[in-house]
$ cat protein.txt   # compact mmCIF, N, CA and C atoms
# COMPACT_ATOMS: atom_id res chain seq x y z
N MET A 22 10.13 -57.61 -100.20
CA MET A 22 10.51 -57.72 -98.80
C MET A 22 11.97 -58.13 -98.69
N CYS A 23 12.53 -57.88 -97.52
CA CYS A 23 13.93 -58.21 -97.24
C CYS A 23 14.13 -59.73 -97.34
N SER A 24 15.29 -60.13 -97.84
CA SER A 24 15.57 -61.56 -98.00
C SER A 24 16.01 -62.23 -96.70
N VAL A 25 16.22 -61.47 -95.63
CA VAL A 25 16.60 -62.05 -94.34
C VAL A 25 15.35 -62.67 -93.72
N GLU A 26 15.46 -63.93 -93.34
CA GLU A 26 14.32 -64.65 -92.79
C GLU A 26 13.78 -63.94 -91.55
N GLY A 27 12.46 -63.70 -91.56
CA GLY A 27 11.80 -63.07 -90.43
C GLY A 27 11.75 -61.55 -90.51
N CYS A 28 12.49 -60.96 -91.43
CA CYS A 28 12.47 -59.50 -91.58
C CYS A 28 11.35 -59.12 -92.54
N GLU A 29 10.48 -58.24 -92.11
CA GLU A 29 9.33 -57.84 -92.92
C GLU A 29 9.46 -56.43 -93.45
N ARG A 30 10.68 -55.91 -93.45
CA ARG A 30 10.92 -54.56 -93.96
C ARG A 30 10.99 -54.61 -95.49
N PRO A 31 10.67 -53.48 -96.13
CA PRO A 31 10.71 -53.48 -97.61
C PRO A 31 12.14 -53.57 -98.14
N HIS A 32 12.25 -54.19 -99.30
CA HIS A 32 13.52 -54.37 -99.99
C HIS A 32 14.09 -53.02 -100.39
N LYS A 33 15.40 -52.83 -100.21
CA LYS A 33 16.06 -51.60 -100.65
C LYS A 33 17.08 -51.90 -101.73
N ALA A 34 18.04 -52.84 -101.47
CA ALA A 34 19.09 -53.13 -102.43
C ALA A 34 19.62 -54.54 -102.20
N ARG A 35 19.96 -55.19 -103.30
CA ARG A 35 20.56 -56.53 -103.27
C ARG A 35 19.76 -57.52 -102.41
N GLY A 36 18.46 -57.33 -102.36
CA GLY A 36 17.59 -58.25 -101.64
C GLY A 36 17.45 -57.95 -100.16
N PHE A 37 18.04 -56.87 -99.69
CA PHE A 37 18.00 -56.55 -98.26
C PHE A 37 17.23 -55.26 -98.01
N CYS A 38 16.69 -55.15 -96.79
CA CYS A 38 16.11 -53.88 -96.35
C CYS A 38 17.27 -52.92 -96.07
N ALA A 39 16.96 -51.68 -95.78
CA ALA A 39 18.01 -50.67 -95.58
C ALA A 39 18.93 -51.05 -94.42
N ALA A 40 18.37 -51.54 -93.30
CA ALA A 40 19.19 -51.87 -92.13
C ALA A 40 20.12 -53.05 -92.41
N HIS A 41 19.59 -54.12 -93.00
CA HIS A 41 20.42 -55.28 -93.29
C HIS A 41 21.45 -54.96 -94.39
N TYR A 42 21.05 -54.11 -95.34
CA TYR A 42 21.99 -53.74 -96.40
C TYR A 42 23.17 -52.94 -95.84
N LYS A 43 22.88 -52.03 -94.90
CA LYS A 43 23.97 -51.27 -94.27
C LYS A 43 24.93 -52.20 -93.54
N ARG A 44 24.38 -53.23 -92.90
CA ARG A 44 25.24 -54.20 -92.21
C ARG A 44 26.11 -54.97 -93.20
N VAL A 45 25.52 -55.35 -94.33
CA VAL A 45 26.28 -56.08 -95.35
C VAL A 45 27.41 -55.19 -95.88
N LEU A 46 27.12 -53.93 -96.13
CA LEU A 46 28.15 -53.02 -96.62
C LEU A 46 29.27 -52.84 -95.59
N ALA A 47 28.90 -52.77 -94.33
CA ALA A 47 29.89 -52.50 -93.28
C ALA A 47 30.73 -53.72 -92.92
N THR A 48 30.08 -54.90 -92.87
CA THR A 48 30.79 -56.09 -92.36
C THR A 48 30.77 -57.28 -93.29
N GLY A 49 29.94 -57.22 -94.35
CA GLY A 49 29.81 -58.35 -95.25
C GLY A 49 28.78 -59.36 -94.79
N ASP A 50 28.16 -59.11 -93.65
CA ASP A 50 27.18 -60.04 -93.07
C ASP A 50 25.96 -59.24 -92.61
N PRO A 51 24.73 -59.68 -92.97
CA PRO A 51 23.54 -58.94 -92.54
C PRO A 51 23.23 -59.13 -91.05
N ARG A 52 23.94 -60.03 -90.39
CA ARG A 52 23.76 -60.33 -88.96
C ARG A 52 22.26 -60.45 -88.61
N PRO A 53 21.60 -61.47 -89.18
CA PRO A 53 20.15 -61.59 -88.99
C PRO A 53 19.73 -61.86 -87.55
N ASP A 54 20.63 -62.36 -86.71
CA ASP A 54 20.25 -62.66 -85.33
C ASP A 54 20.26 -61.44 -84.42
N GLU A 55 20.89 -60.35 -84.88
CA GLU A 55 20.92 -59.13 -84.08
C GLU A 55 19.68 -58.31 -84.37
N PRO A 56 19.00 -57.82 -83.34
CA PRO A 56 17.79 -57.02 -83.58
C PRO A 56 18.14 -55.69 -84.25
N ILE A 57 17.19 -55.19 -85.00
CA ILE A 57 17.33 -53.89 -85.64
C ILE A 57 16.67 -52.87 -84.74
N ARG A 58 17.45 -51.87 -84.37
CA ARG A 58 16.92 -50.83 -83.50
C ARG A 58 16.03 -49.92 -84.34
N ALA A 59 14.80 -49.82 -83.97
CA ALA A 59 13.86 -48.98 -84.71
C ALA A 59 13.65 -47.68 -83.94
N VAL A 60 13.94 -46.56 -84.58
CA VAL A 60 13.71 -45.26 -83.98
C VAL A 60 12.40 -44.76 -84.56
N LYS A 61 11.43 -44.61 -83.69
CA LYS A 61 10.12 -44.17 -84.14
C LYS A 61 9.75 -42.89 -83.42
N GLY A 62 9.19 -41.98 -84.15
CA GLY A 62 8.73 -40.75 -83.55
C GLY A 62 9.85 -39.80 -83.21
N ILE A 63 9.50 -38.83 -82.39
CA ILE A 63 10.44 -37.78 -82.03
C ILE A 63 11.50 -38.33 -81.08
N HIS A 64 12.76 -37.96 -81.35
CA HIS A 64 13.85 -38.33 -80.44
C HIS A 64 14.93 -37.27 -80.54
N GLU A 65 15.85 -37.30 -79.60
CA GLU A 65 16.95 -36.34 -79.59
C GLU A 65 18.26 -37.07 -79.79
N HIS A 66 19.18 -36.40 -80.50
CA HIS A 66 20.51 -36.95 -80.73
C HIS A 66 21.48 -35.78 -80.76
N LYS A 67 22.49 -35.83 -79.92
CA LYS A 67 23.51 -34.77 -79.83
C LYS A 67 22.88 -33.39 -79.63
N GLY A 68 21.81 -33.35 -78.86
CA GLY A 68 21.18 -32.09 -78.52
C GLY A 68 20.14 -31.60 -79.50
N TYR A 69 20.00 -32.26 -80.64
CA TYR A 69 19.03 -31.84 -81.66
C TYR A 69 17.82 -32.76 -81.62
N ARG A 70 16.65 -32.17 -81.89
CA ARG A 70 15.41 -32.95 -81.95
C ARG A 70 15.19 -33.42 -83.38
N PHE A 71 14.96 -34.71 -83.54
CA PHE A 71 14.61 -35.30 -84.83
C PHE A 71 13.12 -35.59 -84.81
N VAL A 72 12.46 -35.28 -85.92
CA VAL A 72 11.01 -35.47 -86.01
C VAL A 72 10.67 -36.22 -87.28
N PRO A 73 9.55 -36.94 -87.28
CA PRO A 73 9.10 -37.57 -88.53
C PRO A 73 8.72 -36.50 -89.54
N VAL A 74 9.02 -36.74 -90.80
CA VAL A 74 8.67 -35.80 -91.87
C VAL A 74 7.37 -36.28 -92.50
N PRO A 75 6.30 -35.49 -92.38
CA PRO A 75 5.04 -35.90 -93.01
C PRO A 75 5.21 -36.01 -94.53
N ASP A 76 4.43 -36.87 -95.14
CA ASP A 76 4.51 -37.09 -96.58
C ASP A 76 4.47 -35.78 -97.37
N ARG A 77 3.63 -34.83 -96.94
CA ARG A 77 3.48 -33.58 -97.70
C ARG A 77 4.73 -32.72 -97.67
N TYR A 78 5.70 -33.02 -96.77
CA TYR A 78 6.94 -32.24 -96.70
C TYR A 78 8.17 -33.05 -97.11
N ARG A 79 7.97 -34.25 -97.64
CA ARG A 79 9.12 -35.08 -98.02
C ARG A 79 9.97 -34.42 -99.09
N HIS A 80 9.36 -33.61 -99.94
CA HIS A 80 10.15 -32.92 -100.98
C HIS A 80 11.14 -31.93 -100.37
N LEU A 81 10.94 -31.54 -99.13
CA LEU A 81 11.85 -30.61 -98.45
C LEU A 81 12.98 -31.33 -97.72
N SER A 82 12.89 -32.65 -97.66
CA SER A 82 13.87 -33.41 -96.88
C SER A 82 14.63 -34.43 -97.72
N ASP A 83 14.61 -34.26 -99.03
CA ASP A 83 15.23 -35.24 -99.93
C ASP A 83 14.67 -36.64 -99.67
N ASP A 84 13.37 -36.68 -99.39
CA ASP A 84 12.61 -37.91 -99.18
C ASP A 84 13.00 -38.67 -97.91
N GLN A 85 13.62 -38.00 -96.96
CA GLN A 85 13.93 -38.64 -95.68
C GLN A 85 12.65 -38.75 -94.86
N THR A 86 12.57 -39.76 -94.02
CA THR A 86 11.41 -39.92 -93.16
C THR A 86 11.60 -39.27 -91.80
N MET A 87 12.86 -39.05 -91.39
CA MET A 87 13.18 -38.34 -90.15
C MET A 87 14.15 -37.22 -90.49
N MET A 88 14.05 -36.12 -89.74
CA MET A 88 14.90 -34.96 -90.05
C MET A 88 15.08 -34.13 -88.79
N GLN A 89 16.18 -33.40 -88.72
CA GLN A 89 16.36 -32.47 -87.61
C GLN A 89 15.27 -31.41 -87.72
N GLU A 90 14.59 -31.19 -86.59
CA GLU A 90 13.43 -30.30 -86.60
C GLU A 90 13.77 -28.89 -87.06
N HIS A 91 14.91 -28.34 -86.62
CA HIS A 91 15.24 -26.97 -86.99
C HIS A 91 15.45 -26.82 -88.50
N ARG A 92 16.00 -27.85 -89.14
CA ARG A 92 16.20 -27.79 -90.59
C ARG A 92 14.85 -27.89 -91.32
N LEU A 93 13.94 -28.70 -90.80
CA LEU A 93 12.62 -28.82 -91.41
C LEU A 93 11.84 -27.52 -91.27
N VAL A 94 11.92 -26.88 -90.11
CA VAL A 94 11.22 -25.61 -89.88
C VAL A 94 11.66 -24.56 -90.91
N VAL A 95 12.97 -24.44 -91.12
CA VAL A 95 13.47 -23.45 -92.07
C VAL A 95 13.14 -23.85 -93.51
N ALA A 96 13.27 -25.13 -93.84
CA ALA A 96 12.93 -25.58 -95.20
C ALA A 96 11.47 -25.27 -95.52
N LYS A 97 10.58 -25.47 -94.55
CA LYS A 97 9.17 -25.14 -94.76
C LYS A 97 8.99 -23.64 -94.95
N ALA A 98 9.74 -22.83 -94.19
CA ALA A 98 9.61 -21.37 -94.28
C ALA A 98 10.08 -20.85 -95.63
N ILE A 99 11.14 -21.42 -96.17
CA ILE A 99 11.66 -20.93 -97.45
C ILE A 99 11.08 -21.67 -98.64
N GLY A 100 10.39 -22.78 -98.38
CA GLY A 100 9.69 -23.49 -99.45
C GLY A 100 10.56 -24.36 -100.34
N ARG A 101 11.75 -24.75 -99.83
CA ARG A 101 12.63 -25.62 -100.62
C ARG A 101 13.58 -26.34 -99.67
N PRO A 102 14.19 -27.45 -100.14
CA PRO A 102 15.18 -28.13 -99.30
C PRO A 102 16.40 -27.23 -99.09
N LEU A 103 17.07 -27.40 -97.97
CA LEU A 103 18.30 -26.65 -97.73
C LEU A 103 19.40 -27.18 -98.63
N LEU A 104 20.24 -26.30 -99.08
CA LEU A 104 21.37 -26.67 -99.93
C LEU A 104 22.49 -27.22 -99.07
N PRO A 105 23.41 -28.00 -99.65
CA PRO A 105 24.49 -28.61 -98.86
C PRO A 105 25.34 -27.61 -98.08
N ASP A 106 25.47 -26.38 -98.58
CA ASP A 106 26.30 -25.40 -97.87
C ASP A 106 25.48 -24.49 -96.94
N GLU A 107 24.23 -24.84 -96.68
CA GLU A 107 23.39 -24.05 -95.79
C GLU A 107 23.24 -24.74 -94.44
N GLN A 108 23.35 -23.95 -93.40
CA GLN A 108 23.18 -24.45 -92.04
C GLN A 108 22.12 -23.62 -91.36
N VAL A 109 21.54 -24.18 -90.29
CA VAL A 109 20.56 -23.44 -89.51
C VAL A 109 21.17 -23.20 -88.14
N HIS A 110 21.22 -21.93 -87.75
CA HIS A 110 21.82 -21.53 -86.48
C HIS A 110 20.71 -21.18 -85.48
N HIS A 111 20.86 -21.65 -84.23
CA HIS A 111 19.95 -21.27 -83.15
C HIS A 111 20.49 -20.00 -82.50
N LYS A 112 19.77 -18.91 -82.61
CA LYS A 112 20.24 -17.61 -82.10
C LYS A 112 20.56 -17.66 -80.61
N ASN A 113 19.69 -18.32 -79.83
CA ASN A 113 19.91 -18.32 -78.38
C ASN A 113 20.76 -19.50 -77.90
N GLY A 114 21.26 -20.31 -78.83
CA GLY A 114 22.13 -21.43 -78.48
C GLY A 114 21.41 -22.67 -78.00
N ASN A 115 20.11 -22.61 -77.82
CA ASN A 115 19.33 -23.76 -77.36
C ASN A 115 18.90 -24.58 -78.57
N ARG A 116 19.50 -25.74 -78.74
CA ARG A 116 19.23 -26.58 -79.91
C ARG A 116 17.82 -27.14 -79.95
N LEU A 117 17.11 -27.06 -78.83
CA LEU A 117 15.73 -27.56 -78.80
C LEU A 117 14.70 -26.47 -79.01
N ASP A 118 15.14 -25.22 -79.09
CA ASP A 118 14.24 -24.09 -79.32
C ASP A 118 14.15 -23.87 -80.83
N ASN A 119 13.19 -24.52 -81.45
CA ASN A 119 13.08 -24.53 -82.90
C ASN A 119 11.99 -23.62 -83.44
N ARG A 120 11.72 -22.55 -82.69
CA ARG A 120 10.80 -21.53 -83.21
C ARG A 120 11.50 -20.81 -84.36
N LEU A 121 10.76 -20.49 -85.40
CA LEU A 121 11.35 -19.83 -86.56
C LEU A 121 12.05 -18.53 -86.15
N SER A 122 11.50 -17.84 -85.18
CA SER A 122 12.11 -16.57 -84.74
C SER A 122 13.47 -16.78 -84.08
N ASN A 123 13.79 -18.00 -83.67
CA ASN A 123 15.08 -18.31 -83.04
C ASN A 123 16.07 -18.91 -84.04
N LEU A 124 15.66 -19.07 -85.28
CA LEU A 124 16.52 -19.73 -86.27
C LEU A 124 17.00 -18.77 -87.34
N GLU A 125 18.25 -18.96 -87.76
CA GLU A 125 18.83 -18.17 -88.83
C GLU A 125 19.40 -19.12 -89.88
N LEU A 126 19.21 -18.78 -91.13
CA LEU A 126 19.80 -19.54 -92.22
C LEU A 126 21.20 -18.99 -92.48
N TRP A 127 22.19 -19.85 -92.39
CA TRP A 127 23.58 -19.47 -92.64
C TRP A 127 24.08 -20.20 -93.87
N SER A 128 24.98 -19.58 -94.59
CA SER A 128 25.64 -20.22 -95.71
C SER A 128 27.11 -20.35 -95.39
N THR A 129 27.67 -21.52 -95.63
CA THR A 129 29.10 -21.73 -95.40
C THR A 129 29.89 -21.47 -96.68
N SER A 130 29.19 -21.07 -97.73
CA SER A 130 29.84 -20.75 -98.99
C SER A 130 30.55 -19.41 -98.85
N HIS A 131 31.75 -19.33 -99.37
CA HIS A 131 32.48 -18.07 -99.36
C HIS A 131 33.53 -18.10 -100.46
N PRO A 132 33.94 -16.91 -100.87
CA PRO A 132 34.92 -16.87 -101.95
C PRO A 132 36.27 -17.40 -101.49
N SER A 133 37.01 -17.94 -102.44
CA SER A 133 38.31 -18.52 -102.10
C SER A 133 39.38 -17.46 -101.97
N GLY A 134 39.18 -16.29 -102.50
CA GLY A 134 40.19 -15.24 -102.43
C GLY A 134 39.58 -13.94 -102.01
N ALA A 135 40.39 -12.94 -101.87
CA ALA A 135 39.90 -11.65 -101.44
C ALA A 135 40.15 -10.57 -102.49
N ARG A 136 40.47 -10.97 -103.73
CA ARG A 136 40.61 -9.98 -104.78
C ARG A 136 39.26 -9.33 -105.03
N ILE A 137 39.28 -8.07 -105.38
CA ILE A 137 38.04 -7.33 -105.60
C ILE A 137 37.15 -8.02 -106.63
N GLU A 138 37.75 -8.50 -107.73
CA GLU A 138 36.94 -9.17 -108.76
C GLU A 138 36.23 -10.40 -108.19
N ASP A 139 36.96 -11.14 -107.34
CA ASP A 139 36.37 -12.34 -106.73
C ASP A 139 35.22 -11.96 -105.81
N LEU A 140 35.42 -10.92 -105.02
CA LEU A 140 34.37 -10.50 -104.08
C LEU A 140 33.14 -9.99 -104.81
N ILE A 141 33.33 -9.26 -105.90
CA ILE A 141 32.19 -8.77 -106.68
C ILE A 141 31.44 -9.93 -107.31
N GLU A 142 32.17 -10.88 -107.88
CA GLU A 142 31.53 -12.06 -108.48
C GLU A 142 30.75 -12.84 -107.42
N TYR A 143 31.35 -13.00 -106.25
CA TYR A 143 30.68 -13.72 -105.17
C TYR A 143 29.42 -12.96 -104.73
N ALA A 144 29.52 -11.65 -104.59
CA ALA A 144 28.36 -10.85 -104.16
C ALA A 144 27.21 -10.98 -105.15
N ILE A 145 27.52 -10.97 -106.42
CA ILE A 145 26.48 -11.12 -107.45
C ILE A 145 25.82 -12.50 -107.34
N ARG A 146 26.65 -13.54 -107.17
CA ARG A 146 26.09 -14.90 -107.03
C ARG A 146 25.21 -15.03 -105.80
N ILE A 147 25.65 -14.50 -104.67
CA ILE A 147 24.89 -14.65 -103.43
C ILE A 147 23.60 -13.83 -103.49
N LEU A 148 23.66 -12.64 -104.12
CA LEU A 148 22.44 -11.84 -104.29
C LEU A 148 21.45 -12.55 -105.20
N ALA A 149 21.93 -13.14 -106.27
CA ALA A 149 21.05 -13.88 -107.17
C ALA A 149 20.44 -15.07 -106.46
N ARG A 150 21.21 -15.68 -105.59
CA ARG A 150 20.75 -16.88 -104.88
C ARG A 150 19.67 -16.57 -103.86
N TYR A 151 19.79 -15.44 -103.15
CA TYR A 151 18.88 -15.18 -102.04
C TYR A 151 17.95 -13.98 -102.22
N ALA A 152 18.42 -12.87 -102.75
CA ALA A 152 17.60 -11.66 -102.79
C ALA A 152 16.35 -11.85 -103.63
N ALA A 153 16.49 -12.40 -104.82
CA ALA A 153 15.35 -12.55 -105.73
C ALA A 153 14.34 -13.59 -105.26
N THR A 154 14.75 -14.49 -104.36
CA THR A 154 13.86 -15.57 -103.94
C THR A 154 12.87 -15.16 -102.87
N GLY A 155 13.14 -14.03 -102.20
CA GLY A 155 12.27 -13.61 -101.11
C GLY A 155 12.55 -14.35 -99.82
N ILE A 156 13.61 -15.15 -99.78
CA ILE A 156 13.93 -15.91 -98.57
C ILE A 156 14.14 -15.01 -97.36
N PRO A 157 14.90 -13.90 -97.48
CA PRO A 157 15.06 -13.08 -96.28
C PRO A 157 13.73 -12.61 -95.70
N GLN A 158 12.80 -12.20 -96.57
CA GLN A 158 11.51 -11.73 -96.09
C GLN A 158 10.71 -12.86 -95.44
N ARG A 159 10.78 -14.07 -96.02
CA ARG A 159 10.04 -15.20 -95.46
C ARG A 159 10.59 -15.60 -94.10
N LEU A 160 11.86 -15.28 -93.85
CA LEU A 160 12.45 -15.56 -92.54
C LEU A 160 12.33 -14.36 -91.62
N GLY A 161 11.64 -13.31 -92.07
CA GLY A 161 11.40 -12.16 -91.23
C GLY A 161 12.52 -11.15 -91.19
N HIS A 162 13.37 -11.12 -92.20
CA HIS A 162 14.50 -10.19 -92.23
C HIS A 162 14.33 -9.17 -93.34
N ARG A 163 14.75 -7.93 -93.04
CA ARG A 163 14.81 -6.90 -94.08
C ARG A 163 16.05 -7.16 -94.91
N PHE A 164 16.01 -6.81 -96.18
CA PHE A 164 17.13 -7.08 -97.06
C PHE A 164 17.42 -5.85 -97.89
N LEU A 165 18.63 -5.34 -97.81
CA LEU A 165 19.08 -4.19 -98.59
C LEU A 165 18.14 -3.00 -98.48
N ASN A 166 17.78 -2.64 -97.25
CA ASN A 166 16.94 -1.48 -96.94
C ASN A 166 15.57 -1.55 -97.60
N SER A 167 15.11 -2.74 -97.93
CA SER A 167 13.75 -2.86 -98.49
C SER A 167 12.76 -2.87 -97.33
N SER A 168 11.57 -2.39 -97.56
CA SER A 168 10.59 -2.32 -96.46
C SER A 168 9.54 -3.38 -96.62

$ encode --input "protein.txt" --output "structure tokens"
Amino acid sequence: MCSVEGCERPHKARGFCAAHYKRVLATGDPRPDEPIRAVKGIHEHKGYRFVPVPDRYRHLSDDQTMMQEHRLVVAKAIGRPLLPDEQVHHKNGNRLDNRLSNLELWSTSHPSGARIEDLIEYAIRILARYAATGIPQRLGHRFLNSS
């Protein structure tokens, strides 16, 4: 348990729970007299819906307990956590419309140059990354004229 008197949260690091530890890192003081804001259940932040991640899907969220709903929906559809350079785009612009049919997986990865050799190498890497995995089909997209 957390070493702050009265705090019943589980220990994370240096004797503190996650909230008190973050305070120690930021200010050097766990500020035990200030209440810890607990976010429970579904909530919205900056237009995005955050939802609790059930235990059976924690492997898709890097063990996070809360996650942006649109990212969880796509991670479940492709069967793996999203990579750091992958983003989920809402086709209709509505950040709360998290139906799979409204979501697209985008990659921010791109080649650093435009030489033909670089573009061919990049194309091979991106095809290896996505085509063989079946991700386009699982998201409902045709890929390279496949039926």

$ select_by_dssp --input "protein.txt" --residues "chain A" --states "helix (DSSP H, G or I)" --output "ChimeraX atom specification"
/A:39-48,76-81,90-99,121-123,137-154,156-159

$ select_by_dssp --input "protein.txt" --residues "stretch 32-137 of chain A" --states "strand (DSSP E)" --output "compact mmCIF listing (two decimals) with N, CA and C atoms, in the frame of the given file"
# COMPACT_ATOMS: atom_id res chain seq x y z
N HIS A 64 12.76 -37.96 -81.35
CA HIS A 64 13.85 -38.33 -80.44
C HIS A 64 14.93 -37.27 -80.54
N GLU A 65 15.85 -37.30 -79.60
CA GLU A 65 16.95 -36.34 -79.59
C GLU A 65 18.26 -37.07 -79.79
N HIS A 66 19.18 -36.40 -80.50
CA HIS A 66 20.51 -36.95 -80.73
C HIS A 66 21.48 -35.78 -80.76
N TYR A 69 20.00 -32.26 -80.64
CA TYR A 69 19.03 -31.84 -81.66
C TYR A 69 17.82 -32.76 -81.62
N ARG A 70 16.65 -32.17 -81.89
CA ARG A 70 15.41 -32.95 -81.95
C ARG A 70 15.19 -33.42 -83.38
N PHE A 71 14.96 -34.71 -83.54
CA PHE A 71 14.61 -35.30 -84.83
C PHE A 71 13.12 -35.59 -84.81
N VAL A 72 12.46 -35.28 -85.92
CA VAL A 72 11.01 -35.47 -86.01
C VAL A 72 10.67 -36.22 -87.28
N PRO A 73 9.55 -36.94 -87.28
CA PRO A 73 9.10 -37.57 -88.53
C PRO A 73 8.72 -36.50 -89.54
N MET A 87 12.86 -39.05 -91.39
CA MET A 87 13.18 -38.34 -90.15
C MET A 87 14.15 -37.22 -90.49
N MET A 88 14.05 -36.12 -89.74
CA MET A 88 14.90 -34.96 -90.05
C MET A 88 15.08 -34.13 -88.79
N GLN A 89 16.18 -33.40 -88.72
CA GLN A 89 16.36 -32.47 -87.61
C GLN A 89 15.27 -31.41 -87.72
N GLU A 107 24.23 -24.84 -96.68
CA GLU A 107 23.39 -24.05 -95.79
C GLU A 107 23.24 -24.74 -94.44
N GLN A 108 23.35 -23.95 -93.40
CA GLN A 108 23.18 -24.45 -92.04
C GLN A 108 22.12 -23.62 -91.36
N VAL A 109 21.54 -24.18 -90.29
CA VAL A 109 20.56 -23.44 -89.51
C VAL A 109 21.17 -23.20 -88.14
N HIS A 110 21.22 -21.93 -87.75
CA HIS A 110 21.82 -21.53 -86.48
C HIS A 110 20.71 -21.18 -85.48
N HIS A 111 20.86 -21.65 -84.23
CA HIS A 111 19.95 -21.27 -83.15
C HIS A 111 20.49 -20.00 -82.50
N LEU A 124 15.66 -19.07 -85.28
CA LEU A 124 16.52 -19.73 -86.27
C LEU A 124 17.00 -18.77 -87.34
N GLU A 125 18.25 -18.96 -87.76
CA GLU A 125 18.83 -18.17 -88.83
C GLU A 125 19.40 -19.12 -89.88
N LEU A 126 19.21 -18.78 -91.13
CA LEU A 126 19.80 -19.54 -92.22
C LEU A 126 21.20 -18.99 -92.48
N TRP A 127 22.19 -19.85 -92.39
CA TRP A 127 23.58 -19.47 -92.64
C TRP A 127 24.08 -20.20 -93.87
N SER A 128 24.98 -19.58 -94.59
CA SER A 128 25.64 -20.22 -95.71
C SER A 128 27.11 -20.35 -95.39

$ atom_distance --input "protein.txt" --atom1 "atom N of A:Leu160" --atom2 "atom CA of A:Leu121"
8.6 Å

$ atom_distance --input "protein.txt" --atom1 "atom C of A:Pro105" --atom2 "atom CA of A:Trp127"
9.9 Å

$ residues_near_point --input "protein.txt" --point "(17.7, -26.0, -90.2)" --cutoff "6 Å" --atoms "all atoms listed in the file" --output "number ranges by chain"
A: 90-96, 108-110

$ atom_distance --input "protein.txt" --atom1 "atom C of A:Cys38" --atom2 "atom C of A:Glu55"
13.1 Å

$ closest_atom_pairs --input "protein.txt" --of "stretch 47-151 of chain A" --to "stretch 22-27 of chain A" --cutoff "12 Å" --atoms "only C-alpha atoms" --output "CSV"
residue,atom,partner,partner_atom,distance
A:Asp50,CA,A:Val25,CA,10.8
A:Pro51,CA,A:Val25,CA,7.8
A:Arg52,CA,A:Val25,CA,9.1
A:Pro53,CA,A:Val25,CA,6.4
A:Asp54,CA,A:Glu26,CA,9.7
A:Glu55,CA,A:Val25,CA,11.5
A:Pro56,CA,A:Gly27,CA,10.9
A:Ile57,CA,A:Gly27,CA,11.7

$ closest_residue --input "protein.txt" --among "A:Ala98, A:Arg116, A:Ile137, A:His66" --to "A:Ile156" --atoms "only N, CA and C atoms"
A:Ala98

$ residues_around --input "protein.txt" --residues "A:Gly62" --least-positions-apart "2" --cutoff "7 Å" --atoms "all atoms listed in the file" --output "compact mmCIF listing (two decimals) with N, CA and C atoms, keeping the file's coordinate frame"
# COMPACT_ATOMS: atom_id res chain seq x y z
N VAL A 60 13.94 -46.56 -84.58
CA VAL A 60 13.71 -45.26 -83.98
C VAL A 60 12.40 -44.76 -84.56
N HIS A 64 12.76 -37.96 -81.35
CA HIS A 64 13.85 -38.33 -80.44
C HIS A 64 14.93 -37.27 -80.54
N PHE A 71 14.96 -34.71 -83.54
CA PHE A 71 14.61 -35.30 -84.83
C PHE A 71 13.12 -35.59 -84.81
N VAL A 72 12.46 -35.28 -85.92
CA VAL A 72 11.01 -35.47 -86.01
C VAL A 72 10.67 -36.22 -87.28
N PRO A 73 9.55 -36.94 -87.28
CA PRO A 73 9.10 -37.57 -88.53
C PRO A 73 8.72 -36.50 -89.54
